[in-house]
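> One structure is given below, represented as C-alpha cells, and several questions about it will come after.
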Amino acid sequence: MNSLFQKYQFSDPWILWFLLLIPISVIIYFFLFQKKNEPMKISSLNFFEGISDKWTSKYQHLGFVLKLIAIGSLIIALARPQIPIEAHSETELFKEGIDIVISMDASGSMLAKDFSPNRFEASKDLAKEFVKDRVNDRVGLVIFEGESYTQCPLTSDREILIELIESVEQGVVEQGTAIGMGLATAVNRLRESEAPSKVIILLTDGVNTHGKIHPLNATEIAKEFNIRVYTIGVGTNGKAKTPVAIDPFTGNYIYDYVDVEIDEKTLKAIASETGGRYFRATDNDKLKSVYKEINELEKAKIKTIEYDIDLPEKGNLFILFGLGLLLIEFFISRYFFQGIS
C-alpha cells in the first residue's frame, strides 16, 4: 500500500478515508459468519463432481474478498490518482495587462454621414471590435457631449462592455462638445489603477465648446498619473452631410453640408504631452486602421511563469481493475458456489 501512495498522488485524497470501511466490513463479516456457524447446504452436487468438499470450504470466502478488493479499487479511482511529475515544466510567457478607457464624443455632429451609417455608429462598432481583441486588459467607456459621464467603469468582462457600447445613445445630456470634461472623466477612472500601462483613447469630431475643464488642463492631470492619451479626429476633409436642425413636423434631423472643424492642434498637443499619438480618421476604413495601430502599439509585457499542472490521470486503471474483479466474483458465485448457503 505504501508503494501505491509513493507512486501516485491524489487530486481528491479525502475520498481515501472511505477505505476504512473495508476493515470494518471484514470484522462484521467474520463476526456474523462465526455467529452463524452452520453447515453449508448444497442443492446439487452434480456441478461439483470431481471437486472435493475441502476445495469449496477453502474458497467459500473468495467472493467476499473479491468484492472488498473491487470496492477498494473503485474508491481509489474516485480519489483521482495521478502520476506526479518531479519537475514541472516552466514556461516564461509575456502577457498583456493594460487599463484602457475609451472616451467617445456623442455630440450632434457625430451623426454626420461621411461615415457609414454615421460617425457615431461607426465609432461604436469599431470600439466593440477593439474591445474583443483586448483579451487580457480591462477596458472602460466614457461618453461626452456638453457634459461627460461614465458608461462603463474598467472591466475585464468584454461581453458586458460590448452590450454597454451598443446601448450608448446620442443626446442623453446637454448638447455640445466638452472634450476637456471627457478627458478628465477618463483620467478619473484610471487614477487609482495599478496597471503597468494606463491609456486613454479620446475620439472626437469637433472643437471644445463646453465644460469647466479645458482640454490642456485635463492633459496636465493625465501626465501626473502617467496616463498616455491617443487622440483621434473623426471626420472627412472638407464638408460633410451633418444634422443642422430638427423637422418640427416629423421630428427627423434636417441635414446640410457643413465644414468639418476638428481642433487638430489641441488633439496633437494632448497626445504629444502624454506620450501618445494623434490620428486622423476620414472614413470607416481609416478609423478601423487607427484602432488596429493602437492595438499593436499597446502591448505591455508582463513576465510570468506557468507550470504544467495537467498531470496524467490513472483512475481508469483502477476502475477497470475493480470492475474486472466484480465480473470474476459474479462468475464464481453464479457457476461455482450457486446453491451454497
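Residues in the C-alpha cells are named by chain (A, B, ... in the order shown) and by number from 1 within that chain; ligands are numbered from 1 in the order shown.
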What's the 12 Å shell around Ile213 in chain A, counting only C-alpha atoms, without same-chain residues fewer than 4 positions away, as number ranges by chain?
A: 146-148, 177-185, 208-209, 217-221
> CA of Val207 in chain A and CA of Lys265 in chain A, how far apart in Å?
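Taking CA of Lys265 in chain A as the start and CA of Val207 in chain A as the end point, the length is 10.1 Å.
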> Give the answer as one residue: which of A:Ser103, A:Ile201, A:Lys223, A:Ala269 has the shortest atom-to-atom distance to Tyr291 in chain A, using only C-alpha atoms?
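That would be A:Ile201, the residue with the smallest distance to Tyr291 in chain A.
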> As a VMD selection string, which residues of range 141-319 of chain A does DSSP assign to alpha helix (DSSP H)?
chain A and resid 158 to 166 179 to 190 215 to 224 264 to 274 284 to 297 315 to 319
